[in-house]
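Here the structure is laid out as C-alpha cells; the discussion comes afterwards.
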Amino acid sequence: MPKRIVSPAQRQSDATALITSGPVWRAVWYLAWPSAVNTIILAAYNIINRIFVGYLPNAVPSQAAVGVGGNALNYLFVVATGLSAGTSALVSRSLGADKREDAVQAARQSLVMCLLLGVAAGVPFCLLARWLVTLIGAKGDVLPLAADYTALIGWSTIPMFVNFITVAVLRSQGDALSPLYAGAVNIAVNVVLDRVLILGFGCVPAMGIHGAAVATLVARLAAMSMSLWFLSRSALSECLHKWRLDLGWQWRILAIGWAASSGNLLMTTASSAYMHVLSMLPNGQATTALAAYGVAIVLEAIAFQPGIAFGIAAAPLVGQNLGAGKPDRAARCGWVAAGQAAAIMGLLAISFVTIPEYLAKPFVHGRDLGLIPVIAAYLRINSFSEPFLAFNMVLRGALQGAGDTLVPMLITAFSMWAVRIPLAWLLAIHLRMGASGAWWAMSVTCCLSGALMAVWFRVGRWREKAV
C-alpha cells in the first residue's frame, strides 16, 4: 500500500489529541525530538561557522568579533522571542479550549506586529551597530570587524521576526516537524554559503566574516519562505489573509510578551556586561578571553540544545492542557520535560570534564594554541551547571506556555544582574583570578537560576494565570 501523506493540518489535529489526552512521556517526546534535531543542526552550524572563521589569517580578532557581534544580535532576538511567547500562549490556549477562530486571530495579529517591530528594531540596529559593539567591549582590531558583521546581519531582521512567529504558530498547533524542515533549509543554505563566502571558492573571493553575515541574511530569507509555506497548509492558514490591526489582540499579545522580552533583554544586557568584564582583563588577556568565550559558548551549545528543544515542547504542552482545563496534567508535562532535558544535558556535559582540550582543538590553529586551555577551563567549570540550566530553560518555556512571564523575568534580573556581573568582576578583576574567575561566576549563577525556576514552578500559581 502507498504510504499515507500526512498534511500539517492533520498533524495538528493528531498532536492536540496526544498533548491533552495521550501518555505524557510520549507527548513530550513527540514535540521535543524534532526541535532537538533542529537545535542540534543549528549548534552544528555554529561550530562549522567558527571552524571556517578559525582558518582566516586574522582568526583571533575574527573569532572575538563574531562573538561580540553575536552578542549584539541577541538584542534583536529579545524582541522576537518576547513576541513569540505571547503568540505561543494565546494560540496554544485557544486550541486547547477548541476556540479555533481565536487561535487564527492571535496568529494573524502576531504576524502583523512582527512586521512592524521588525522595521522598528532592525533599521536603528543597523545604523547604531558600531556604537553597540563598542559598548559591549569591542576595541582595536576587533571593533571594525564586529561592527561590519553586526550591521550586515541587522538587515535580516524582518525575515528573522516573521520566521520566529510563523514557527511559534506551527509549534503551538503541535506541529514540530514543519519547523524542523524549515530549519534544515536555513542551516543547509548557511553552511554552503559560509564555505563559499568566508574562505572563497573558485572565482568567488574570500570575504571573511563579512561573507558570514551575507550567508546568514540569505539563509534567513530561505527559512522564512519555507515556514510561511508550511503555515499556508496548516489548520490556521487563514491567519495569512485579511490583515487588519486589532488593538485588543495586540494588547493581549504584548501583555504576555513584554515580560518575556524584558527577561531576554536582561539576559542579553547581562551577557554584554559579562563580556565587558572580560574586556577589562589586563596584560593582553582581554582578546584571548573574548575569543575563548566565543568558542566555548558555541561548544557549550552542544549540551544546552536539548534544554532549548524541551523548553520549546513545554510551551504548547502546558498551554494546550491549561486551555483544556487540565492544570495537573500541564504541571506533569513540565516536570517530565525538564527531567528528560536535565538527564540528557548532564550526560553530554561529561565530555566537558573528560575531553575539553580535544573539543577545543578544531577551532584553534597555529599561533593561537594558547586559547585551548582557556576554552577547556570554561567547559570544565560550567559542566556542573548543565542540569540546572536544563531546568531553567525548560520550566521557563513551560511558564511561557501558561502566559506567566513576569516571575521568570525577575529571576533573571536577580541571578544575572544582582549576582553574576558583580561576582564576575570580583573574581576575575578584583581577586585577579582572570578568565577562570568569570567562568566560575557563570557556573554558580546558572545553578542559582535553575533552582529558583524550579521552586516557582512547584509553587504553581501559573495554573490560574489568565491570558
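For the C-alpha cells, the naming scheme is as follows: chains receive sequential letters (A, B, ...) according to their order of presentation, residues are indexed from 1 within each chain, and ligands are indexed from 1 in presentation order.
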| request: Would you mind listing what lies within 9 Å of A:Ala215 as a list in words, with only C-alpha atoms counted and same-chain residues fewer than 2 positions away left out? | output: Val189, Asn190, Val191, Val192, Leu193, Asp194, Leu197, Ile198, His210, Gly211, Ala212, Ala213, Leu217, Val218, Ala219 and Arg220 of chain A
Can you write just those residues out, C-alpha atoms, as a PDB file, in the first residue's frame?
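Here's the written file result.pdb:
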ATOM      1  CA  VAL A 189      21.954  27.306   2.848  1.00  0.00           C
ATOM      2  CA  ASN A 190      24.010  28.954   5.582  1.00  0.00           C
ATOM      3  CA  VAL A 191      26.728  26.289   5.693  1.00  0.00           C
ATOM      4  CA  VAL A 192      27.158  26.167   1.912  1.00  0.00           C
ATOM      5  CA  LEU A 193      27.356  29.935   1.627  1.00  0.00           C
ATOM      6  CA  ASP A 194      29.699  30.142   4.620  1.00  0.00           C
ATOM      7  CA  LEU A 197      31.887  33.384   1.076  1.00  0.00           C
ATOM      8  CA  ILE A 198      34.097  33.209   4.193  1.00  0.00           C
ATOM      9  CA  HIS A 210      31.575  39.857   6.018  1.00  0.00           C
ATOM     10  CA  GLY A 211      30.759  36.730   4.000  1.00  0.00           C
ATOM     11  CA  ALA A 212      29.388  35.023   7.129  1.00  0.00           C
ATOM     12  CA  ALA A 213      26.909  37.887   7.557  1.00  0.00           C
ATOM     13  CA  LEU A 217      20.925  37.050   5.526  1.00  0.00           C
ATOM     14  CA  VAL A 218      20.255  34.778   2.534  1.00  0.00           C
ATOM     15  CA  ALA A 219      19.594  31.750   4.760  1.00  0.00           C
ATOM     16  CA  ARG A 220      17.050  33.634   6.851  1.00  0.00           C
TER      17      ARG A 220
END
Proximity of stretch 106-126 of chain A to stretch 141-150 of chain A: per-residue shortest pair, 12 Å limit, only C-alpha atoms, as a tab-separated table:
residue	atom	partner	partner_atom	distance
A:Gly122	CA	A:Thr150	CA	11.0
A:Pro124	CA	A:Thr150	CA	11.9
A:Phe125	CA	A:Thr150	CA	8.5
A:Cys126	CA	A:Thr150	CA	7.3
| Pick from A:Arg26, A:Arg458, A:Arg50, A:Arg244 nearest to A:Val364, counting only C-alpha atoms |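 The answer is A:Arg50, which sits nearest to A:Val364.
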| said: I'd like the contact shell of A:Leu95 - 12 Å cut-off, only C-alpha atoms, skipping same-chain residues fewer than 6 positions apart - returned as a ChimeraX atom specification. | reply: /A:12-13,15-17,19-20,88-89,101-107,169-174,235-236,316-325
Write out, as a short mmCIF file (atom, residue, chain, number, x, y, z; two decimals), in the first residue's frame, the residues just selected, with C-alpha atoms.
data_model
loop_
_atom_site.label_atom_id
_atom_site.label_comp_id
_atom_site.auth_asym_id
_atom_site.auth_seq_id
_atom_site.Cartn_x
_atom_site.Cartn_y
_atom_site.Cartn_z
CA GLN A 12 -2.05 19.49 14.32
CA SER A 13 -5.28 17.57 14.99
CA ALA A 15 -0.95 16.36 18.11
CA THR A 16 -3.70 18.14 20.07
CA ALA A 17 -5.27 14.79 20.95
CA ILE A 19 -0.98 16.57 24.06
CA THR A 20 -4.22 16.74 26.01
CA SER A 88 2.56 30.61 21.82
CA ALA A 89 0.48 31.18 24.93
CA GLU A 101 -11.13 31.49 15.49
CA ASP A 102 -9.30 32.94 18.48
CA ALA A 103 -6.20 30.94 17.54
CA VAL A 104 -6.38 32.28 13.96
CA GLN A 105 -6.71 35.87 15.17
CA ALA A 106 -3.86 35.50 17.67
CA ALA A 107 -1.60 34.18 14.89
CA VAL A 169 2.33 29.32 15.45
CA LEU A 170 3.22 25.95 13.92
CA ARG A 171 4.64 24.60 17.17
CA SER A 172 1.67 25.87 19.18
CA GLN A 173 -0.52 23.68 16.96
CA GLY A 174 1.64 20.70 17.92
CA ALA A 235 -5.11 24.36 10.18
CA LEU A 236 -4.53 28.08 10.89
CA PRO A 316 2.34 24.02 23.87
CA LEU A 317 2.16 21.11 26.32
CA VAL A 318 1.35 23.42 29.20
CA GLY A 319 -0.68 25.92 27.15
CA GLN A 320 -2.97 23.41 25.47
CA ASN A 321 -3.59 21.45 28.67
CA LEU A 322 -4.45 24.62 30.58
CA GLY A 323 -6.82 25.57 27.74
CA ALA A 324 -8.40 22.12 28.00
CA GLY A 325 -8.92 22.59 31.77
#
Considering only C-alpha atoms, tabulate each residue of stretch 157-198 of chain A that lies at most 8 Å from stretch 81-87 of chain A along with its nearest interatomic pair and the corresponding distance in Å to one decimal; arrange the rows by chain and ascending residue number and present them as a Markdown table.
| residue | atom | partner | partner_atom | distance |
| --- | --- | --- | --- | --- |
| A:Phe164 | CA | A:Ser84 | CA | 6.7 |
| A:Ile165 | CA | A:Ser84 | CA | 5.5 |
| A:Ala168 | CA | A:Ser84 | CA | 5.9 |
| A:Val169 | CA | A:Thr87 | CA | 6.8 |
Write the residues of the preceding selection, restricted to C-alpha atoms, as a PDB file, in the first residue's frame.
ATOM      1  CA  PHE A 164      10.150  33.298  14.568  1.00  0.00           C
ATOM      2  CA  ILE A 165       6.409  33.978  14.744  1.00  0.00           C
ATOM      3  CA  ALA A 168       5.775  29.667  17.042  1.00  0.00           C
ATOM      4  CA  VAL A 169       2.326  29.317  15.446  1.00  0.00           C
TER       5      VAL A 169
END
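Residues in contact with stretch 282-289 of chain A at 8 Å, where only C-alpha atoms are counted and same-chain residues fewer than 2 positions away are skipped, are listed as Val60, Pro61, Ala64, Leu278, Ser279, Met280, Ala291, Ala292, Tyr293, Leu371, Val374, Gly434 and Ala435 of chain A.
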| said: Can you tell me, as a ChimeraX atom specification, which residues in stretch 390-452 of chain A count as alpha helix (DSSP H) by DSSP? | reply: /A:390-402,406-412,421-425,435-452
| query | Near A:Ala120, counting only C-alpha atoms, which residues have an atom at most 12 Å away, once you skip same-chain residues fewer than 4 positions from it, shown as a list in words? | reply |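 So, after excluding close chain neighbours, the residues are Leu76, Val79, Met113, Cys114, Leu115, Leu116, Pro124, Phe125, Cys126, Leu127, Gly154, Trp155, Thr157, Ile158 and Phe161 of chain A.
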| task | Would you kindly return, as a PyMOL selection string, each protein, DNA or RNA residue with an atom no farther than 8 Å from any atom of stretch 30-33 of chain A, considering only C-alpha atoms and excluding same-chain residues fewer than 2 positions away? | result | chain A and resi 26-28+35-37+174-176+309-310+312-313
Output C-alpha atoms for every residue in that selection, as a PDB file, in the first residue's frame.
ATOM      1  CA  ARG A  26       5.075  10.191  24.593  1.00  0.00           C
ATOM      2  CA  ALA A  27       3.567  13.683  24.188  1.00  0.00           C
ATOM      3  CA  VAL A  28       6.767  15.314  25.480  1.00  0.00           C
ATOM      4  CA  SER A  35      13.063  20.535  17.986  1.00  0.00           C
ATOM      5  CA  ALA A  36      16.079  18.684  19.404  1.00  0.00           C
ATOM      6  CA  VAL A  37      17.229  17.697  15.928  1.00  0.00           C
ATOM      7  CA  GLY A 174       1.635  20.695  17.915  1.00  0.00           C
ATOM      8  CA  ASP A 175       3.401  20.622  14.535  1.00  0.00           C
ATOM      9  CA  ALA A 176       7.097  20.247  15.368  1.00  0.00           C
ATOM     10  CA  ALA A 309      14.226  21.785  22.496  1.00  0.00           C
ATOM     11  CA  PHE A 310      12.359  20.578  25.582  1.00  0.00           C
ATOM     12  CA  ILE A 312      10.023  24.672  23.103  1.00  0.00           C
ATOM     13  CA  ALA A 313       7.997  21.484  23.629  1.00  0.00           C
TER      14      ALA A 313
END
| task | Kindly indicate which residue among A:Gly460, A:Gly137, A:Pro179, A:Gly263 lies nearest to A:Leu231, using only C-alpha atoms for the distances. | result |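 Answer, going by the shortest atom-to-atom distance: A:Pro179.
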| Residues at most 12 Å from A:Leu56, counting only C-alpha atoms, excluding those fewer than 2 positions away in the same chain, as JSON, numbers by chain? | {"A": [49, 50, 51, 52, 53, 54, 58, 59, 60, 61, 62, 63, 195, 197, 198, 199, 200, 206, 207, 208, 209, 210, 211, 363, 364, 365, 366, 368]}
| field | Pairwise distance for atom CA of A:Trp243 and atom CA of A:Gln109, rounded to one decimal in Å | value | 7.7 Å
